[in-house]
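Source file: work35.txt; contents: compact mmCIF, C-alpha atoms.
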```
# COMPACT_ATOMS: atom_id res chain seq x y z
CA MET F 50 1.18 4.25 -3.01
CA ARG F 51 -1.81 5.84 -1.26
CA VAL F 52 -5.12 5.96 -3.12
CA GLY F 53 -8.16 7.87 -1.91
CA THR F 54 -11.38 9.32 -3.25
CA PHE F 55 -12.12 12.88 -4.32
CA ILE F 56 -15.72 13.86 -3.61
CA LEU F 57 -17.40 16.91 -5.16
CA ALA F 58 -21.01 16.21 -4.13
CA ALA F 59 -21.82 16.88 -7.77
CA GLN F 60 -25.47 17.59 -8.63
CA PHE F 61 -26.18 15.83 -11.92
CA PRO F 62 -29.14 16.88 -14.09
CA GLY F 63 -32.43 15.68 -12.66
CA GLN F 64 -31.02 15.21 -9.17
CA GLY F 65 -31.76 17.10 -5.99
CA GLN F 66 -29.09 18.60 -3.79
CA GLY F 67 -29.90 16.24 -0.93
CA GLU F 68 -29.39 13.31 -3.30
CA ALA F 69 -25.95 14.60 -4.26
CA LEU F 70 -24.95 15.01 -0.62
CA HIS F 71 -26.25 11.55 0.29
CA ARG F 72 -24.13 10.05 -2.48
CA ALA F 73 -21.12 11.97 -1.18
CA VAL F 74 -21.55 10.61 2.34
CA ARG F 75 -22.12 7.05 1.15
CA SER F 76 -19.06 7.28 -1.11
CA ALA F 77 -16.92 8.10 1.91
CA GLU F 78 -18.38 5.32 4.04
CA VAL F 79 -17.81 2.78 1.28
CA ALA F 80 -14.27 4.12 0.73
CA GLU F 81 -13.39 3.15 4.29
CA GLU F 82 -14.97 -0.28 3.87
CA ALA F 83 -12.98 -0.74 0.65
CA GLY F 84 -9.65 0.01 2.35
CA LEU F 85 -8.87 3.30 0.64
CA ASP F 86 -6.40 5.75 2.14
CA ALA F 87 -8.43 8.96 2.39
CA VAL F 88 -11.49 10.92 1.37
CA TRP F 89 -10.93 14.41 -0.05
CA LEU F 90 -13.85 16.85 0.03
CA ALA F 91 -14.40 19.82 -2.26
CA GLU F 92 -16.32 22.98 -1.41
CA HIS F 93 -18.27 25.28 -3.72
CA HIS F 94 -20.89 28.00 -3.37
CA PHE F 95 -24.04 28.67 -5.37
CA VAL F 96 -23.36 26.14 -8.18
CA PRO F 97 -24.47 22.57 -8.96
CA TYR F 98 -20.88 21.66 -9.87
CA GLY F 99 -20.63 20.75 -6.18
CA VAL F 100 -23.24 21.37 -3.51
CA CYS F 101 -21.03 21.11 -0.41
CA PRO F 102 -20.45 24.72 0.79
CA SER F 103 -18.16 23.75 3.69
CA ALA F 104 -15.63 20.98 3.27
CA ALA F 105 -14.63 21.24 6.93
CA THR F 106 -18.22 20.73 8.09
CA LEU F 107 -18.67 17.66 5.90
CA ALA F 108 -15.27 16.41 7.07
CA ALA F 109 -16.50 16.61 10.66
CA LEU F 110 -19.52 14.46 9.82
CA LEU F 111 -17.42 11.86 8.01
CA LEU F 112 -14.77 11.71 10.71
CA GLY F 113 -17.57 10.91 13.14
CA ARG F 114 -18.97 8.18 10.90
CA THR F 115 -15.65 6.48 10.13
CA HIS F 116 -12.86 4.97 12.21
CA ARG F 117 -9.70 4.52 10.12
CA ILE F 118 -9.77 6.48 6.88
CA GLY F 119 -8.19 9.91 6.57
CA VAL F 120 -10.41 12.86 5.67
CA GLY F 121 -9.13 16.00 3.99
CA THR F 122 -10.46 19.16 2.41
CA SER F 123 -9.71 19.70 -1.25
CA VAL F 124 -10.02 22.45 -0.70
CA SER F 125 -11.18 24.89 1.92
CA VAL F 126 -11.24 28.18 0.01
CA LEU F 127 -9.25 30.62 2.10
CA PRO F 128 -10.27 33.99 0.55
CA THR F 129 -13.91 33.47 1.57
CA GLN F 130 -13.23 32.77 5.26
CA HIS F 131 -11.10 34.06 8.09
CA PRO F 132 -7.83 32.15 8.55
CA VAL F 133 -8.26 31.99 12.32
CA ALA F 134 -11.77 30.55 12.05
CA LEU F 135 -10.51 27.91 9.60
CA GLY F 136 -7.51 27.20 11.82
CA GLU F 137 -9.76 26.66 14.82
CA GLN F 138 -11.90 24.20 12.86
CA ALA F 139 -8.81 22.35 11.62
CA ALA F 140 -7.39 22.08 15.12
CA LEU F 141 -10.69 20.80 16.47
CA LEU F 142 -10.99 18.13 13.79
CA HIS F 143 -7.35 17.12 14.20
CA LEU F 144 -7.65 16.68 17.95
CA THR F 145 -11.01 14.95 18.04
CA SER F 146 -10.27 12.53 15.17
CA GLY F 147 -6.96 11.24 16.47
CA GLY F 148 -4.99 12.94 13.71
CA ARG F 149 -7.05 11.70 10.74
CA PHE F 150 -7.76 15.18 9.33
CA THR F 151 -5.76 16.96 6.62
CA LEU F 152 -6.40 20.60 5.79
CA GLY F 153 -6.23 21.36 2.09
CA VAL F 154 -6.48 25.06 1.25
CA GLY F 155 -6.63 26.99 -1.99
CA ARG F 156 -7.15 30.37 -3.58
CA GLY F 157 -10.40 29.50 -5.34
CA GLY F 158 -11.49 31.77 -8.17
CA PRO F 159 -12.69 35.34 -8.81
CA TRP F 160 -16.25 34.27 -8.16
CA VAL F 161 -19.26 36.11 -6.78
CA ASP F 162 -18.53 34.30 -3.51
CA LEU F 163 -16.09 37.10 -2.72
CA GLU F 164 -18.93 39.62 -2.88
CA VAL F 165 -21.41 37.54 -0.90
CA PHE F 166 -19.00 36.87 1.95
CA GLY F 167 -17.67 40.42 1.97
CA SER F 168 -14.02 39.55 1.39
CA GLY F 169 -13.70 41.32 -1.95
CA LEU F 170 -11.52 40.67 -4.97
CA ALA F 171 -8.37 41.72 -3.11
CA ALA F 172 -8.63 38.64 -0.89
CA TYR F 173 -8.23 36.53 -4.03
CA GLU F 174 -5.77 38.62 -6.03
CA GLN F 175 -3.48 40.18 -3.39
CA HIS F 176 -3.93 38.93 0.15
CA PHE F 177 -3.85 35.16 -0.22
CA PRO F 178 -0.20 34.82 0.97
CA GLU F 179 -0.94 36.91 4.06
CA SER F 180 -4.00 34.82 4.92
CA LEU F 181 -2.10 31.58 4.33
CA ASP F 182 0.76 32.63 6.60
CA LEU F 183 -1.68 33.63 9.35
CA LEU F 184 -3.39 30.24 9.07
CA LEU F 185 -0.06 28.41 9.33
CA ARG F 186 0.96 30.45 12.36
CA TRP F 187 -2.33 29.58 14.04
CA LEU F 188 -1.63 25.89 13.53
CA ARG F 189 1.94 26.10 14.83
CA GLU F 190 2.17 28.73 17.58
CA PRO F 191 0.61 29.02 21.08
CA ARG F 192 -0.33 32.69 20.72
CA VAL F 193 -0.98 34.68 17.54
CA GLY F 194 -1.50 38.32 16.63
CA ALA F 195 -1.64 40.01 13.23
CA ALA F 196 -0.62 43.36 11.77
CA GLY F 197 -1.12 42.88 8.03
CA GLU F 198 -2.99 44.72 5.31
CA ARG F 199 -5.96 42.36 5.52
CA HIS F 200 -5.83 40.99 9.08
CA SER F 201 -4.95 43.01 12.16
CA PHE F 202 -5.72 42.03 15.75
CA ARG F 203 -4.11 41.85 19.17
CA GLU F 204 -2.33 38.70 20.26
CA VAL F 205 -4.64 35.97 21.50
CA ALA F 206 -4.24 32.42 22.75
CA VAL F 207 -4.68 29.54 20.33
CA VAL F 208 -7.45 27.35 21.75
CA PRO F 209 -7.54 24.44 21.19
CA ARG F 210 -3.85 23.95 20.50
CA PRO F 211 -3.54 21.57 17.51
CA ASP F 212 -0.15 20.30 18.73
CA GLU F 213 -1.72 18.66 21.79
CA SER F 214 -2.98 15.61 19.91
CA LEU F 215 -1.58 12.44 21.48
CA GLU F 216 -1.52 10.69 18.10
CA MET F 217 -0.03 13.51 15.99
CA PRO F 218 1.54 16.19 18.18
CA SER F 219 2.72 18.27 15.23
CA GLY F 220 -0.74 19.48 14.29
CA PRO F 221 -2.80 18.71 11.17
CA PRO F 222 -1.02 18.28 7.84
CA VAL F 223 -1.64 21.13 5.39
CA VAL F 224 -1.59 20.87 1.59
CA LEU F 225 -1.97 23.72 -0.90
CA ALA F 226 -3.87 23.50 -4.19
CA CYS F 227 -1.59 24.73 -6.99
CA THR F 228 -2.65 25.70 -10.49
CA SER F 229 0.09 28.15 -11.49
CA PRO F 230 3.86 28.56 -11.08
CA GLY F 231 3.26 31.37 -8.59
CA THR F 232 1.23 29.15 -6.29
CA VAL F 233 3.76 26.34 -6.68
CA ARG F 234 6.49 28.69 -5.45
CA LEU F 235 4.27 29.85 -2.60
CA ALA F 236 3.79 26.26 -1.46
CA ALA F 237 7.46 25.37 -1.85
CA GLU F 238 8.73 28.36 0.11
CA ARG F 239 6.51 27.31 3.02
CA GLY F 240 7.28 23.62 2.70
CA LEU F 241 3.67 22.72 1.94
CA PRO F 242 2.90 19.70 -0.26
CA MET F 243 0.83 20.44 -3.35
CA LEU F 244 -2.59 19.25 -4.42
CA LEU F 245 -2.62 19.16 -8.23
CA GLY F 246 -5.87 19.20 -10.22
CA MET F 247 -7.50 16.50 -12.32
CA HIS F 248 -7.30 18.67 -15.46
CA CYS F 249 -3.49 18.33 -15.53
CA GLY F 250 -1.61 15.54 -17.27
CA ASP F 251 1.46 13.76 -15.94
CA GLU F 252 3.92 15.94 -17.87
CA GLU F 253 2.51 19.15 -16.41
CA LYS F 254 2.40 17.67 -12.92
CA ALA F 255 5.99 16.49 -13.21
CA GLU F 256 7.06 20.02 -14.19
CA MET F 257 5.24 21.46 -11.17
CA VAL F 258 6.89 18.95 -8.84
CA ALA F 259 10.30 19.83 -10.27
CA LEU F 260 9.64 23.55 -9.81
CA TRP F 261 8.45 22.91 -6.24
CA ARG F 262 11.62 21.00 -5.39
CA ARG F 263 13.94 23.65 -6.87
CA THR F 264 12.13 26.44 -5.07
CA ALA F 265 11.98 24.60 -1.75
CA LEU F 266 15.68 23.84 -1.81
CA ALA F 267 16.51 27.44 -2.80
CA ALA F 268 14.41 28.59 0.17
CA GLY F 269 16.59 26.52 2.52
CA ARG F 270 14.17 23.67 3.14
CA ASP F 271 15.65 20.43 4.47
CA PRO F 272 16.56 18.24 1.44
CA ASP F 273 15.24 15.11 3.16
CA LEU F 274 11.88 16.75 3.81
CA VAL F 275 11.77 18.06 0.24
CA ALA F 276 12.38 14.56 -1.10
CA ALA F 277 9.71 13.09 1.20
CA ALA F 278 6.98 15.65 0.45
CA GLU F 279 3.61 13.94 -0.02
CA HIS F 280 2.03 15.78 -2.92
CA VAL F 281 -1.47 14.73 -3.95
CA SER F 282 -2.58 14.13 -7.53
CA ALA F 283 -6.29 14.54 -8.23
CA GLY F 284 -7.88 12.49 -10.98
CA VAL F 285 -10.88 10.47 -12.08
CA VAL F 286 -11.42 6.73 -11.77
CA GLN F 287 -14.01 4.47 -13.34
CA VAL F 288 -13.44 0.75 -13.03
CA GLY F 289 -15.20 -1.34 -15.65
CA ASP F 290 -14.91 -4.61 -17.51
CA THR F 291 -13.70 -2.84 -20.66
CA ARG F 292 -12.01 0.46 -21.43
CA GLN F 293 -14.83 1.46 -23.78
CA GLY F 294 -17.56 0.60 -21.32
CA ALA F 295 -15.98 2.50 -18.45
CA ALA F 296 -15.35 5.55 -20.62
CA GLU F 297 -18.94 5.50 -21.90
CA VAL F 298 -20.25 5.65 -18.34
CA LEU F 299 -18.40 8.93 -17.85
CA THR F 300 -18.91 10.48 -21.28
CA LYS F 301 -22.66 9.90 -21.04
CA ALA F 302 -23.10 11.30 -17.53
CA MET F 303 -20.41 13.93 -16.98
CA PRO F 304 -21.05 16.39 -19.85
CA GLY F 305 -24.53 17.30 -18.60
CA TRP F 306 -23.21 17.92 -15.10
CA LEU F 307 -20.19 19.85 -16.36
CA ARG F 308 -22.30 21.99 -18.69
CA ARG F 309 -24.63 23.12 -15.89
CA GLY F 310 -22.02 23.22 -13.16
CA LEU F 311 -19.30 25.17 -14.95
CA ALA F 312 -21.74 27.60 -16.58
CA ALA F 313 -23.17 28.52 -13.17
CA HIS F 314 -19.93 30.12 -11.97
CA GLU F 315 -20.30 33.91 -11.94
CA THR F 316 -17.31 36.22 -11.69
CA VAL F 317 -17.40 38.97 -9.09
CA ASP F 318 -16.26 41.68 -11.50
CA GLY F 319 -17.90 40.54 -14.73
CA ARG F 320 -14.64 39.44 -16.34
CA HIS F 321 -14.95 37.09 -19.29
CA ARG F 322 -14.30 33.44 -18.64
CA ALA F 323 -14.02 30.75 -21.27
CA MET F 324 -15.81 27.50 -20.48
CA ARG F 325 -14.44 24.11 -21.45
CA ASP F 326 -16.39 22.03 -23.92
CA PRO F 327 -18.09 19.53 -21.57
CA LEU F 328 -17.81 16.45 -23.79
CA ALA F 329 -14.22 17.19 -24.77
CA TYR F 330 -13.33 17.70 -21.11
CA ALA F 331 -14.95 14.39 -20.11
CA GLU F 332 -13.04 12.63 -22.88
CA LEU F 333 -9.81 14.28 -21.76
CA LEU F 334 -10.33 13.07 -18.20
CA CYS F 335 -10.89 9.54 -19.49
CA ASP F 336 -7.61 9.74 -21.40
CA LEU F 337 -5.60 11.16 -18.51
CA HIS F 338 -6.77 8.96 -15.67
CA PRO F 339 -7.47 5.35 -14.62
CA VAL F 340 -10.59 4.47 -16.60
CA GLY F 341 -11.15 0.87 -17.70
CA PRO F 342 -10.46 -2.66 -16.44
CA PRO F 343 -8.73 -3.06 -13.06
CA GLU F 344 -5.35 -3.95 -14.56
CA ARG F 345 -5.44 -0.86 -16.80
CA CYS F 346 -6.37 1.36 -13.85
CA ALA F 347 -3.52 -0.04 -11.78
CA ASP F 348 -1.04 0.36 -14.63
CA ARG F 349 -2.20 3.94 -15.19
CA LEU F 350 -1.71 4.84 -11.52
CA ALA F 351 1.70 3.18 -11.39
CA ALA F 352 2.80 4.95 -14.57
CA SER F 353 1.59 8.31 -13.25
CA ALA F 354 3.52 7.80 -10.02
CA GLU F 355 6.63 6.94 -11.98
CA ARG F 356 6.36 9.98 -14.26
CA THR F 357 5.44 12.56 -11.65
CA GLY F 358 7.01 11.28 -8.44
CA ILE F 359 3.59 11.65 -6.77
CA ARG F 360 2.42 8.54 -4.97
CA ARG F 361 -0.74 9.86 -3.36
CA PHE F 362 -3.97 10.06 -5.36
CA ALA F 363 -7.42 11.61 -4.84
CA LEU F 364 -9.71 10.10 -7.46
CA LEU F 365 -13.18 11.32 -8.38
CA VAL F 366 -15.46 8.29 -8.05
CA GLU F 367 -18.91 9.81 -8.68
CA GLY F 368 -18.56 10.46 -12.42
CA SER F 369 -21.49 8.17 -13.22
CA GLY F 370 -23.81 10.36 -11.17
CA ASP F 371 -25.52 7.24 -9.86
CA LEU F 372 -25.35 6.10 -6.22
CA ALA F 373 -25.26 2.36 -6.85
CA ALA F 374 -22.71 2.72 -9.66
CA THR F 375 -20.56 4.98 -7.49
CA GLU F 376 -20.56 2.49 -4.62
CA GLU F 377 -19.62 -0.31 -7.03
CA ASN F 378 -16.85 1.84 -8.49
CA VAL F 379 -15.36 2.45 -5.03
CA ARG F 380 -15.60 -1.21 -4.07
CA ARG F 381 -13.91 -2.35 -7.28
CA LEU F 382 -11.20 0.25 -6.78
CA GLY F 383 -10.46 -1.24 -3.38
CA ALA F 384 -10.90 -4.91 -4.22
CA GLU F 385 -9.53 -5.13 -7.77
CA VAL F 386 -7.19 -2.18 -8.35
CA LEU F 387 -5.34 -1.69 -5.07
CA PRO F 388 -4.08 -5.29 -4.85
CA ARG F 389 -2.52 -4.86 -8.28
CA LEU F 390 -0.54 -1.95 -6.88
CA GLY F 391 1.16 -4.29 -4.44
CA ARG F 392 -0.86 -3.45 -1.36
CA SER F 393 -3.86 -4.75 0.51
CA GLU F 394 -4.95 -1.46 2.07
CA GLY F 395 -4.99 2.25 1.21
```

Translate this file's structure into structure tokens.
Amino acid sequence: MRVGTFILAAQFPGQGQGEALHRAVRSAEVAEEAGLDAVWLAEHHFVPYGVCPSAATLAALLLGRTHRIGVGTSVSVLPTQHPVALGEQAALLHLTSGGRFTLGVGRGGPWVDLEVFGSGLAAYEQHFPESLDLLLRWLREPRVGAAGERHSFREVAVVPRPDESLEMPSGPPVVLACTSPGTVRLAAERGLPMLLGMHCGDEEKAEMVALWRRTALAAGRDPDLVAAAEHVSAGVVQVGDTRQGAAEVLTKAMPGWLRRGLAAHETVDGRHRAMRDPLAYAELLCDLHPVGPPERCADRLAASAERTGIRRFALLVEGSGDLAATEENVRRLGAEVLPRLGRSEG
């Protein structure tokens, strides 16, 4: 089992943006010290839900500050950037980090970001598969041209070539965030592992994994590779001495952040969007994920792996909103939870 952290750089009420980013960086540094497997970095624009606008840029910083831990994006939002530009960044990080970088990509949402960056709603609703395929070609081929509806350019050389890493000559791993059956099928047809969100329970994740496997096999993917696919399950973790105490940490801090952060999202076309009740959502996350004493957290992770078949986790550690409490949470995850999963390192 591989357990890592999921970092949003969340701006809690009363905090500055620099404070949120400092906590994000420290969380990653402590995650390496604690023996975790990876750090997964989210990206958002114009909202306090998360104040990191470029997961790849923050990944570069953290790869430079760490030595062993993997660093991935969860996710780089493809409709708001050019696939070639993202592919170049991924190749650079892969080569210069010795293969420690994983590129997670996703569709994002119908947010005002699409207007600000000039990509338009079509990049989100229609052209995501085209952009994804162009990105994958850039990471796998020596020369690439395009003649699609969204991207059209003459053939050019791929520089730097991501397959020239001495440690991982196949190029950086790519995972795809999936929130719907359509995206699950898109990932499966291309043989890409999924990143599944923290709002989903084990039953829903198990159904998505089953759909992915059926679709991948129907698309002619190698059965051994299908069976070995390393999907990633996002969640929340709060290690405490009691279940009630750990849950209270999150239900006191998270609703204020969620209320401001989720409400700040603005759709590009004015479409109505329903917002989750912040307290109910925080309580749901506590019910779904490892929150409580170390043995309960370990049992919850083991049970989730058994139910879903997913053995790789990206767990939100900053739910308290406090730097010292976040660092303690990460250290306890490494020192008290991981050994109960039958391992000494992430």

Show which residues sit within 12 Å of stretch 304-308 of chain F, as a JSON list (two decimals) with C-alpha atoms, keeping the file's coordinate frame. Count only C-alpha atoms, and ignore same-chain residues fewer than 5 positions away.
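Now in part_35.json:
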```
[["chain", "number", "residue", "atom", "x", "y", "z"],
["F", 57, "LEU", "CA", -17.40, 16.91, -5.16],
["F", 58, "ALA", "CA", -21.01, 16.21, -4.13],
["F", 59, "ALA", "CA", -21.82, 16.88, -7.77],
["F", 60, "GLN", "CA", -25.47, 17.59, -8.63],
["F", 61, "PHE", "CA", -26.18, 15.83, -11.92],
["F", 62, "PRO", "CA", -29.14, 16.88, -14.09],
["F", 63, "GLY", "CA", -32.43, 15.68, -12.66],
["F", 64, "GLN", "CA", -31.02, 15.21, -9.17],
["F", 69, "ALA", "CA", -25.95, 14.60, -4.26],
["F", 96, "VAL", "CA", -23.36, 26.14, -8.18],
["F", 97, "PRO", "CA", -24.47, 22.57, -8.96],
["F", 98, "TYR", "CA", -20.88, 21.66, -9.87],
["F", 99, "GLY", "CA", -20.63, 20.75, -6.18],
["F", 297, "GLU", "CA", -18.94, 5.50, -21.90],
["F", 298, "VAL", "CA", -20.25, 5.65, -18.34],
["F", 299, "LEU", "CA", -18.40, 8.93, -17.85],
["F", 313, "ALA", "CA", -23.17, 28.52, -13.17],
["F", 314, "HIS", "CA", -19.93, 30.12, -11.97],
["F", 324, "MET", "CA", -15.81, 27.50, -20.48],
["F", 325, "ARG", "CA", -14.44, 24.11, -21.45],
["F", 326, "ASP", "CA", -16.39, 22.03, -23.92],
["F", 327, "PRO", "CA", -18.09, 19.53, -21.57],
["F", 328, "LEU", "CA", -17.81, 16.45, -23.79],
["F", 329, "ALA", "CA", -14.22, 17.19, -24.77],
["F", 330, "TYR", "CA", -13.33, 17.70, -21.11],
["F", 331, "ALA", "CA", -14.95, 14.39, -20.11],
["F", 332, "GLU", "CA", -13.04, 12.63, -22.88],
["F", 333, "LEU", "CA", -9.81, 14.28, -21.76],
["F", 334, "LEU", "CA", -10.33, 13.07, -18.20],
["F", 367, "GLU", "CA", -18.91, 9.81, -8.68],
["F", 368, "GLY", "CA", -18.56, 10.46, -12.42],
["F", 369, "SER", "CA", -21.49, 8.17, -13.22],
["F", 370, "GLY", "CA", -23.81, 10.36, -11.17]]
```

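Nearest-residue note for F:Val161: choosing from F:Val285, F:Leu111, F:Val317, F:Leu382, the minimum distance belongs to F:Val317, counting all atoms listed in the file.
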
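Our summary of the geometry notes that atom CA of F:Ala73 is positioned 29.3 Å from atom CA of F:Val233.
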
(message) Using Å and a single decimal, report how far atom CA of F:Pro128 sits from atom CA of F:Gly157.
(response)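 Going from atom CA of F:Gly157 over to atom CA of F:Pro128, I get 7.4 Å.
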
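Distances to F:Val100 were evaluated for F:Leu152, F:Ile56, F:Ala276, F:Ala83 using only C-alpha atoms, and the minimum falls at F:Ile56.
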
(request) Check the smallest atom-to-atom distance from each of F:Gln66, F:Pro191, F:Val52, F:Thr122 to F:Glu204 using all atoms listed in the file, then report the winner. (result)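 Using all atoms listed in the file, F:Glu204 sits closest to F:Pro191.
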
(request) Fewer than 2 positions away in the same chain doesn't count, so skip those; otherwise give me all residues within 7 Å of stretch 74-79 of chain F, counting all atoms listed in the file, as a PyMOL selection string. (result) chain F and resi 70-72+81-83+88+115+375-376+379

(request) Can you work out which one of F:Gly358, F:Gly289, F:Gly197, F:Gly136 has the shortest atom-to-atom distance to F:Pro221, counting only C-alpha atoms? (result)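 Using only C-alpha atoms, the shortest distance to F:Pro221 belongs to F:Gly136.
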
(request) Grab the atom CA of F:Ala312 to atom CA of F:Glu253 distance for me, in Å with one decimal place. (result) 25.7 Å

(message) Please list as number ranges by chain every residue within 9 Å of F:Leu260, counting all atoms listed in the file and excluding residues in the same chain fewer than 6 positions away.
(response) F: 230, 233-234, 237
